[in-house]
$ cat target16.cif   # mmCIF, C-alpha atoms
data_final
loop_
_atom_site.label_atom_id
_atom_site.label_comp_id
_atom_site.auth_asym_id
_atom_site.auth_seq_id
_atom_site.Cartn_x
_atom_site.Cartn_y
_atom_site.Cartn_z
CA MET A 1 -25.81 12.51 -14.13
CA THR A 2 -22.42 13.54 -12.70
CA THR A 3 -19.52 11.83 -14.44
CA LEU A 4 -16.10 11.17 -13.00
CA ILE A 5 -14.66 13.84 -15.26
CA ASP A 6 -17.18 16.31 -13.79
CA LEU A 7 -16.20 15.29 -10.24
CA TYR A 8 -12.51 15.70 -11.02
CA ASP A 9 -13.06 19.15 -12.55
CA GLU A 10 -15.07 20.20 -9.48
CA ARG A 11 -12.26 19.19 -7.12
CA VAL A 12 -9.72 21.06 -9.23
CA ALA A 13 -11.95 24.17 -9.25
CA GLU A 14 -12.30 23.92 -5.45
CA GLY A 15 -8.53 23.82 -5.09
CA LEU A 16 -8.60 20.32 -3.59
CA LEU A 17 -6.68 18.79 -6.51
CA LEU A 18 -3.98 19.91 -8.90
CA ARG A 19 -4.84 19.15 -12.51
CA ASP A 20 -2.64 16.35 -13.84
CA PRO A 21 -2.76 15.28 -17.52
CA ALA A 22 -1.90 11.65 -16.67
CA GLN A 23 -4.76 11.49 -14.18
CA GLU A 24 -7.14 13.03 -16.73
CA GLU A 25 -6.12 10.37 -19.27
CA ALA A 26 -7.01 7.62 -16.78
CA LEU A 27 -10.45 9.02 -15.96
CA PRO A 28 -12.27 7.72 -19.09
CA GLU A 29 -11.48 4.10 -18.16
CA LEU A 30 -12.99 4.58 -14.71
CA GLU A 31 -15.92 6.49 -16.19
CA ARG A 32 -16.52 3.61 -18.64
CA ILE A 33 -17.02 1.26 -15.68
CA ARG A 34 -19.13 3.72 -13.69
CA ALA A 35 -21.42 4.40 -16.64
CA ALA A 36 -21.90 0.69 -17.40
CA LEU A 37 -22.77 -0.07 -13.80
CA ALA A 38 -25.20 2.85 -13.69
CA GLN A 39 -27.35 1.40 -16.48
CA PRO A 40 -30.81 0.43 -15.14
CA ALA A 41 -31.56 -3.30 -15.05
CA LYS A 42 -33.89 -4.39 -17.82
CA LYS A 43 -37.29 -5.63 -16.64
CA GLY A 44 -38.97 -8.78 -17.77
CA LEU A 45 -38.92 -12.50 -17.05
CA PHE A 46 -36.63 -13.46 -19.92
CA ARG A 47 -34.32 -10.46 -19.86
CA LYS A 48 -30.72 -11.59 -19.68
CA ALA A 49 -28.50 -9.72 -17.26
CA PRO A 50 -26.00 -7.54 -19.12
CA GLU A 51 -22.36 -8.60 -19.20
CA PRO A 52 -20.40 -6.82 -16.48
CA PRO A 53 -17.89 -4.27 -17.77
CA LYS A 54 -14.22 -5.13 -17.86
CA GLY A 55 -12.45 -4.04 -14.74
CA LEU A 56 -9.28 -1.97 -14.52
CA TYR A 57 -5.73 -2.58 -13.31
CA PHE A 58 -3.92 0.72 -13.16
CA TRP A 59 -0.34 0.87 -12.06
CA GLY A 60 2.43 3.40 -11.60
CA GLY A 61 4.74 4.95 -9.05
CA VAL A 62 3.41 5.78 -5.62
CA GLY A 63 2.24 9.36 -5.19
CA ARG A 64 0.89 9.62 -8.74
CA GLY A 65 -2.74 9.84 -7.64
CA LYS A 66 -3.98 6.26 -8.02
CA SER A 67 -5.64 6.16 -4.60
CA MET A 68 -7.19 9.59 -5.15
CA LEU A 69 -8.71 8.46 -8.45
CA MET A 70 -10.00 5.33 -6.72
CA ASP A 71 -11.62 7.56 -4.08
CA LEU A 72 -13.45 9.49 -6.81
CA PHE A 73 -14.50 6.28 -8.54
CA VAL A 74 -15.90 4.70 -5.38
CA GLU A 75 -17.68 7.95 -4.48
CA SER A 76 -19.38 8.02 -7.89
CA LEU A 77 -20.81 4.50 -7.78
CA ALA A 78 -24.48 3.75 -7.18
CA VAL A 79 -23.94 -0.01 -6.68
CA PRO A 80 -22.58 -1.94 -3.67
CA VAL A 81 -18.81 -1.54 -3.58
CA ARG A 82 -16.08 -2.53 -1.17
CA ARG A 83 -12.88 -0.48 -0.99
CA VAL A 84 -10.10 -2.45 0.71
CA HIS A 85 -6.34 -2.83 0.68
CA PHE A 86 -5.51 -5.96 -1.30
CA HIS A 87 -3.26 -7.37 1.41
CA ALA A 88 -6.01 -6.98 4.04
CA PHE A 89 -8.53 -8.66 1.73
CA MET A 90 -6.26 -11.66 1.19
CA GLN A 91 -5.65 -12.00 4.94
CA GLU A 92 -9.43 -12.09 5.39
CA MET A 93 -9.78 -14.73 2.67
CA GLN A 94 -7.04 -16.87 4.22
CA SER A 95 -8.80 -16.76 7.60
CA GLU A 96 -12.10 -17.74 5.98
CA LEU A 97 -10.39 -20.56 4.06
CA HIS A 98 -8.97 -21.90 7.33
CA ARG A 99 -12.38 -21.67 9.06
CA LEU A 100 -14.27 -23.47 6.28
CA ARG A 101 -11.68 -26.22 6.03
CA GLY A 102 -12.01 -26.70 9.79
CA GLU A 103 -15.74 -27.22 9.27
CA GLY A 104 -15.04 -29.91 6.68
CA VAL A 105 -16.11 -27.93 3.60
CA GLU A 106 -14.64 -29.80 0.65
CA ASP A 107 -14.15 -26.82 -1.71
CA PRO A 108 -14.20 -23.66 0.43
CA VAL A 109 -13.23 -21.30 -2.41
CA LYS A 110 -16.71 -21.48 -3.98
CA PRO A 111 -18.67 -20.35 -0.89
CA MET A 112 -16.01 -17.74 -0.16
CA ALA A 113 -16.35 -16.21 -3.62
CA LYS A 114 -20.16 -16.43 -3.46
CA ALA A 115 -20.25 -14.57 -0.15
CA VAL A 116 -18.16 -11.76 -1.61
CA SER A 117 -20.05 -11.52 -4.90
CA ASP A 118 -23.43 -11.60 -3.13
CA ALA A 119 -22.38 -8.67 -0.93
CA VAL A 120 -20.84 -6.32 -3.51
CA LYS A 121 -20.87 -5.61 -7.21
CA VAL A 122 -17.45 -3.94 -7.26
CA LEU A 123 -14.21 -4.74 -5.45
CA ALA A 124 -11.90 -1.71 -5.35
CA PHE A 125 -8.42 -2.74 -4.26
CA ASP A 126 -5.49 -0.61 -3.22
CA GLU A 127 -2.00 -1.93 -3.96
CA MET A 128 -2.35 -5.34 -5.53
CA GLN A 129 0.85 -7.18 -4.76
CA ILE A 130 1.58 -10.80 -3.90
CA THR A 131 4.46 -11.66 -1.59
CA ASP A 132 3.16 -14.77 0.18
CA ILE A 133 2.98 -18.24 -1.40
CA ALA A 134 -0.30 -18.99 0.37
CA ASP A 135 -1.89 -15.95 -1.32
CA ALA A 136 -0.30 -16.89 -4.64
CA MET A 137 -1.89 -20.34 -4.53
CA LEU A 138 -5.34 -19.05 -3.54
CA VAL A 139 -5.78 -15.92 -5.61
CA GLY A 140 -6.22 -17.56 -9.05
CA ARG A 141 -9.16 -19.80 -8.17
CA LEU A 142 -10.76 -17.15 -5.99
CA PHE A 143 -10.72 -14.47 -8.67
CA GLU A 144 -11.85 -16.89 -11.36
CA GLN A 145 -14.97 -17.55 -9.27
CA LEU A 146 -15.48 -13.82 -8.59
CA PHE A 147 -15.28 -12.97 -12.28
CA GLU A 148 -17.69 -15.78 -13.16
CA ALA A 149 -20.15 -14.32 -10.66
CA GLY A 150 -19.96 -10.94 -12.41
CA THR A 151 -17.91 -9.11 -9.79
CA VAL A 152 -16.11 -6.10 -11.26
CA VAL A 153 -12.56 -5.60 -10.02
CA VAL A 154 -10.71 -2.29 -10.09
CA THR A 155 -7.25 -2.30 -8.56
CA THR A 156 -4.16 -0.16 -8.22
CA SER A 157 -0.63 -1.50 -8.11
CA ASN A 158 2.92 -0.24 -8.10
CA ARG A 159 3.97 -2.81 -10.68
CA VAL A 160 2.86 -4.26 -14.01
CA PRO A 161 0.93 -7.57 -13.85
CA ASP A 162 3.94 -9.51 -15.17
CA ASP A 163 5.95 -8.41 -12.12
CA LEU A 164 3.44 -9.69 -9.55
CA TYR A 165 4.96 -12.36 -7.27
CA LYS A 166 8.23 -11.88 -9.15
CA ASN A 167 10.82 -14.51 -8.15
CA GLY A 168 8.24 -16.09 -5.84
CA LEU A 169 8.33 -19.74 -4.83
CA ASN A 170 6.61 -21.98 -7.42
CA ARG A 171 5.83 -18.88 -9.48
CA GLN A 172 4.88 -21.01 -12.51
CA LEU A 173 1.71 -22.00 -10.63
CA PHE A 174 0.86 -18.31 -10.31
CA LEU A 175 1.21 -17.41 -13.99
CA PRO A 176 -2.41 -18.34 -14.93
CA PHE A 177 -3.58 -15.60 -12.54
CA ILE A 178 -1.50 -13.03 -14.44
CA ALA A 179 -3.13 -14.23 -17.66
CA LEU A 180 -6.55 -13.94 -16.01
CA ILE A 181 -5.83 -10.35 -14.94
CA LYS A 182 -4.86 -9.41 -18.50
CA GLU A 183 -7.99 -11.09 -19.87
CA ARG A 184 -10.54 -9.66 -17.44
CA LEU A 185 -9.07 -6.24 -16.66
CA VAL A 186 -7.89 -3.34 -18.79
CA VAL A 187 -4.25 -2.73 -17.84
CA ARG A 188 -3.27 0.92 -17.83
CA GLU A 189 -0.26 2.85 -16.57
CA LEU A 190 -0.70 6.08 -14.65
CA ALA A 191 2.47 7.68 -15.94
CA SER A 192 2.38 11.05 -14.23
CA GLU A 193 5.65 12.98 -14.13
CA ARG A 194 4.52 14.56 -10.88
CA ASP A 195 4.85 12.94 -7.48
CA HIS A 196 2.07 14.63 -5.53
CA ARG A 197 3.18 13.26 -2.18
CA GLN A 198 6.75 14.30 -2.85
CA ASP A 199 5.43 17.82 -3.36
CA ARG A 200 4.00 17.74 0.16
CA LEU A 201 7.42 16.91 1.61
CA GLN A 202 9.45 19.26 -0.55
CA GLY A 203 11.44 21.48 1.76
CA ALA A 204 9.70 20.06 4.83
CA ARG A 205 11.56 19.18 8.00
CA VAL A 206 12.05 15.42 8.35
CA TYR A 207 14.16 15.04 11.51
CA PHE A 208 12.76 16.35 14.80
CA THR A 209 14.60 16.86 18.06
CA PRO A 210 13.79 17.06 20.87
CA VAL A 211 10.75 14.80 21.05
CA ASP A 212 8.16 17.29 22.22
CA ALA A 213 4.62 18.43 21.51
CA GLU A 214 5.74 20.51 18.54
CA ALA A 215 7.51 17.53 16.95
CA ARG A 216 4.49 15.27 17.48
CA ALA A 217 2.12 17.86 16.02
CA GLU A 218 4.23 18.33 12.90
CA ILE A 219 4.62 14.59 12.35
CA ASN A 220 0.86 14.17 12.79
CA ARG A 221 0.30 16.87 10.17
CA VAL A 222 2.64 15.28 7.62
CA TRP A 223 1.22 11.82 8.30
CA GLY A 224 -2.30 13.10 7.71
CA GLU A 225 -1.29 14.61 4.37
CA LEU A 226 0.45 11.41 3.26
CA THR A 227 -2.37 9.05 4.22
CA HIS A 228 -5.48 11.26 3.89
CA GLY A 229 -6.47 10.00 7.33
CA ARG A 230 -6.53 6.32 6.33
CA GLU A 231 -4.32 3.61 7.79
CA GLU A 232 -4.25 -0.10 8.53
CA VAL A 233 -1.95 -2.81 9.84
CA LEU A 234 0.50 -4.21 7.29
CA VAL A 235 1.57 -7.80 7.89
CA LEU A 236 4.73 -9.00 6.13
CA HIS A 237 5.57 -12.69 5.91
CA VAL A 238 9.30 -13.27 6.42
CA LYS A 239 10.66 -16.82 6.52
CA GLY A 240 7.44 -18.21 7.93
CA ARG A 241 7.04 -15.44 10.50
CA LYS A 242 4.79 -12.39 10.60
CA VAL A 243 6.22 -8.89 10.93
CA GLU A 244 3.60 -6.24 11.63
CA LEU A 245 3.71 -2.52 10.91
CA PRO A 246 0.89 -1.10 13.04
CA ARG A 247 0.17 2.02 10.99
CA TYR A 248 0.43 1.79 7.21
CA TRP A 249 -1.12 3.24 4.08
CA ASN A 250 -0.12 3.01 0.45
CA GLY A 251 3.64 2.66 0.77
CA VAL A 252 4.14 4.73 3.93
CA ALA A 253 4.34 3.43 7.51
CA ARG A 254 4.62 4.88 11.00
CA ALA A 255 5.99 3.16 14.09
CA SER A 256 7.83 3.88 17.31
CA PHE A 257 11.47 3.00 17.89
CA TYR A 258 10.47 0.21 20.26
CA GLU A 259 7.93 -1.27 17.84
CA LEU A 260 10.71 -1.60 15.26
CA CYS A 261 13.80 -2.18 17.40
CA GLY A 262 12.52 -3.39 20.74
CA GLN A 263 11.55 -6.83 19.46
CA ALA A 264 13.68 -9.63 18.08
CA LEU A 265 13.83 -8.59 14.43
CA GLY A 266 16.79 -9.30 12.19
CA PRO A 267 18.28 -8.25 8.86
CA ALA A 268 15.75 -10.25 6.80
CA ASP A 269 12.87 -8.51 8.59
CA TYR A 270 14.30 -5.05 8.02
CA LEU A 271 15.02 -5.82 4.37
CA ALA A 272 11.38 -6.88 3.94
CA ILE A 273 10.21 -3.66 5.61
CA ALA A 274 12.46 -1.57 3.37
CA ASP A 275 11.22 -3.42 0.29
CA ALA A 276 7.57 -2.77 1.23
CA LEU A 277 7.93 0.97 1.89
CA ARG A 278 8.76 4.22 0.18
CA LEU A 279 8.66 6.23 3.39
CA LEU A 280 8.96 5.34 7.08
CA VAL A 281 8.10 7.53 10.05
CA ILE A 282 9.99 6.34 13.14
CA GLU A 283 9.25 8.11 16.40
CA ASN A 284 10.89 8.45 19.82
CA VAL A 285 14.43 7.30 19.06
CA PRO A 286 16.10 7.30 22.51
CA ARG A 287 19.66 7.81 23.65
CA LEU A 288 21.61 4.72 22.62
CA GLY A 289 24.35 2.93 24.54
CA ARG A 290 25.11 0.05 26.91
CA SER A 291 21.65 -0.03 28.45
CA ASN A 292 19.90 -0.73 25.14
CA PHE A 293 22.75 -2.23 23.12
CA ASN A 294 20.58 -4.84 21.33
CA GLU A 295 17.99 -2.23 20.34
CA ALA A 296 20.79 0.03 19.11
CA LYS A 297 22.21 -2.75 16.92
CA ARG A 298 18.78 -3.34 15.41
CA PHE A 299 18.39 0.39 14.76
CA VAL A 300 21.71 0.40 12.87
CA THR A 301 20.55 -2.58 10.78
CA LEU A 302 17.20 -0.90 10.08
CA ILE A 303 18.82 2.36 8.95
CA ASP A 304 21.23 0.44 6.71
CA ALA A 305 18.30 -1.37 5.06
CA LEU A 306 16.35 1.85 4.55
CA TYR A 307 19.42 3.65 3.23
CA GLU A 308 20.31 0.97 0.69
CA ALA A 309 16.70 0.79 -0.51
CA LYS A 310 16.47 4.60 -0.78
CA VAL A 311 13.46 4.69 1.55
CA LYS A 312 12.60 8.19 2.72
CA LEU A 313 12.73 8.72 6.47
CA ILE A 314 10.95 10.99 8.93
CA ALA A 315 12.20 10.64 12.50
CA SER A 316 11.88 12.12 15.96
CA ALA A 317 14.74 11.57 18.41
CA VAL A 318 16.12 12.81 21.72
CA ASP A 319 19.11 14.41 20.00
CA GLU A 320 20.86 15.08 16.71
CA PRO A 321 22.20 11.97 14.92
CA GLU A 322 25.80 12.58 15.96
CA SER A 323 24.80 12.76 19.63
CA LEU A 324 22.51 9.74 19.82
CA TYR A 325 25.26 7.20 20.60
CA ILE A 326 28.34 8.77 22.12
CA GLU A 327 29.59 6.13 24.57
CA GLY A 328 29.72 2.39 25.00
CA PRO A 329 30.34 -0.55 22.64
CA GLY A 330 29.24 0.30 19.11
CA ALA A 331 29.67 4.07 19.47
CA PHE A 332 32.44 4.17 16.87
CA GLU A 333 30.47 2.06 14.40
CA PHE A 334 27.44 4.32 14.89
CA GLU A 335 29.30 7.19 13.25
CA ARG A 336 28.38 5.72 9.85
CA THR A 337 24.71 5.45 10.90
CA ALA A 338 24.75 9.08 12.07
CA SER A 339 26.20 10.12 8.73
CA ARG A 340 23.47 8.22 6.90
CA LEU A 341 20.76 9.74 9.08
CA ARG A 342 22.15 13.17 8.24
CA GLU A 343 22.26 12.39 4.49
CA MET A 344 18.70 11.06 4.57
CA GLN A 345 17.52 14.50 5.74
CA SER A 346 18.49 16.14 2.44
CA ALA A 347 15.66 17.36 0.21
CA ASP A 348 16.71 15.17 -2.73
CA TRP A 349 17.15 11.96 -0.72
CA GLY A 350 15.55 8.92 -2.36
CA HIS A 351 15.28 8.81 -6.11
CA HIS A 352 12.18 6.65 -6.45
CA PRO A 353 8.68 8.14 -6.10
CA LEU A 354 7.01 8.31 -2.73
#

$ encode --input "target16.cif" --output "structure tokens"
Amino acid sequence: MTTLIDLYDERVAEGLLLRDPAQEEALPELERIRAALAQPAKKGLFRKAPEPPKGLYFWGGVGRGKSMLMDLFVESLAVPVRRVHFHAFMQEMQSELHRLRGEGVEDPVKPMAKAVSDAVKVLAFDEMQITDIADAMLVGRLFEQLFEAGTVVVTTSNRVPDDLYKNGLNRQLFLPFIALIKERLVVRELASERDHRQDRLQGARVYFTPVDAEARAEINRVWGELTHGREEVLVLHVKGRKVELPRYWNGVARASFYELCGQALGPADYLAIADALRLLVIENVPRLGRSNFNEAKRFVTLIDALYEAKVKLIASAVDEPESLYIEGPGAFEFERTASRLREMQSADWGHHPL
């Protein structure tokens, strides 16, 4: 039987992965779960089902290989598994909660958990993080029911369990969920010194002008390397409103200038975006001036938020930063933005991991 360690060694030998000691140290925990789930069910009328193995919560900086290890783990399983971004899963659960309440179901969490546990044996989550109070209030009871049903949870995160929903509203009501995570999952850090996604960007061009077929092709190439071809919609909740990033995966997002600056977003929205990302690809930045003054102001606010948060930036624009906004109200103030756009092109920009 092929183990996860065998799979990892094969990928290294094929040149698809670079060997990383921190990743190799994490493999036995994933292999422990795979091996336990691979055990054949005992036959007989009075045979008691074996206890499910403890799940895994592994955390660390983005780009350290958590999603890649999860890919290997999911590939190795011979039981029903669902791989899903944690945020997308919670959105789905909130919608189901709303539907069942509308049908008059008194305790909708129980049938919700049963439907999930009946469908899969393993839930494999990318990026467990809680930013919304509605999720914070639901997640404890939901996961308690899932664990009771024998569902095995393996999840990645960029933060330790104690930092989940940090400074959130009514956080004391969320603390039992943190205790549940520590009880039912092995918590392990993936402490690689290497940022594998940073390696992909090292020395790469990050600002493209003009906006032409060559620029689009290069951005598509980089985006594919950063996301491995996977993406989803990220919905951020800001002061009771929803802010959507249409293309997102594991800390990186891609959007057009008009998707980010052509709608009525403000400083709080851009701060939330900057807090959620480690890299943003923004495409088709136009000439700025009197004709699009409001969009230009939002662009300045967005760049300020990204700059202060040390978010890496890839951009395509009609011209160099210094020539984007050369006349009209705000042109003088844009000089600082142009300087920041220029600084953000440097190879060592952004000190946190991708």

$ residues_around --input "target16.cif" --residues "region 26-28 of chain A" --least-positions-apart "4" --cutoff "9 Å" --atoms "all atoms listed in the file" --output "VMD selection string"
chain A and resid 4 to 5 8 21 to 22 32 to 33 58 69 73 188 to 190

$ atom_distance --input "target16.cif" --atom1 "CA of Leu123 (chain A)" --atom2 "CA of Thr155 (chain A)"
8.0 Å

$ residues_around --input "target16.cif" --residues "Arg19 (chain A)" --least-positions-apart "6" --cutoff "10 Å" --atoms "all atoms listed in the file" --output "PyMOL selection string"
chain A and resi 8-9+11-13

$ resolve_selection --input "target16.cif" --expression "the PyMOL selection byres ((chain A and resi 158) around 12)" --output "ChimeraX atom specification"
/A:57-67,126-130,155-157,159-164,188-191,250-251,276-278,352-354

$ residues_around --input "target16.cif" --residues "region 304-314 of chain A" --least-positions-apart "5" --cutoff "6 Å" --atoms "all atoms listed in the file" --output "JSON, numbers by chain"
{"A": [206, 207, 271, 274, 278, 279, 280, 281, 350]}

$ atom_distance --input "target16.cif" --atom1 "CA of Val252 (chain A)" --atom2 "CA of Tyr325 (chain A)"
27.0 Å

$ closest_residue --input "target16.cif" --among "A:Glu10, A:Asp20, A:Ser291, A:Thr3" --to "Arg34 (chain A)" --atoms "only C-alpha atoms"
A:Thr3

$ residues_around --input "target16.cif" --residues "Phe125 (chain A)" --least-positions-apart "4" --cutoff "8 Å" --atoms "all atoms listed in the file" --output "PyMOL selection string"
chain A and resi 83-86+153-156

$ residues_near_point --input "target16.cif" --point "(-23.4, -1.3, -5.3)" --cutoff "10 Å" --atoms "all atoms listed in the file" --output "JSON, numbers by chain"
{"A": [37, 38, 74, 77, 78, 79, 80, 81, 82, 119, 120, 121, 122, 123]}

$ resolve_selection --input "target16.cif" --expression "the PyMOL selection byres ((chain A and resi 117) around 8)" --output "ChimeraX atom specification"
/A:113-116,118-121,146,149-151
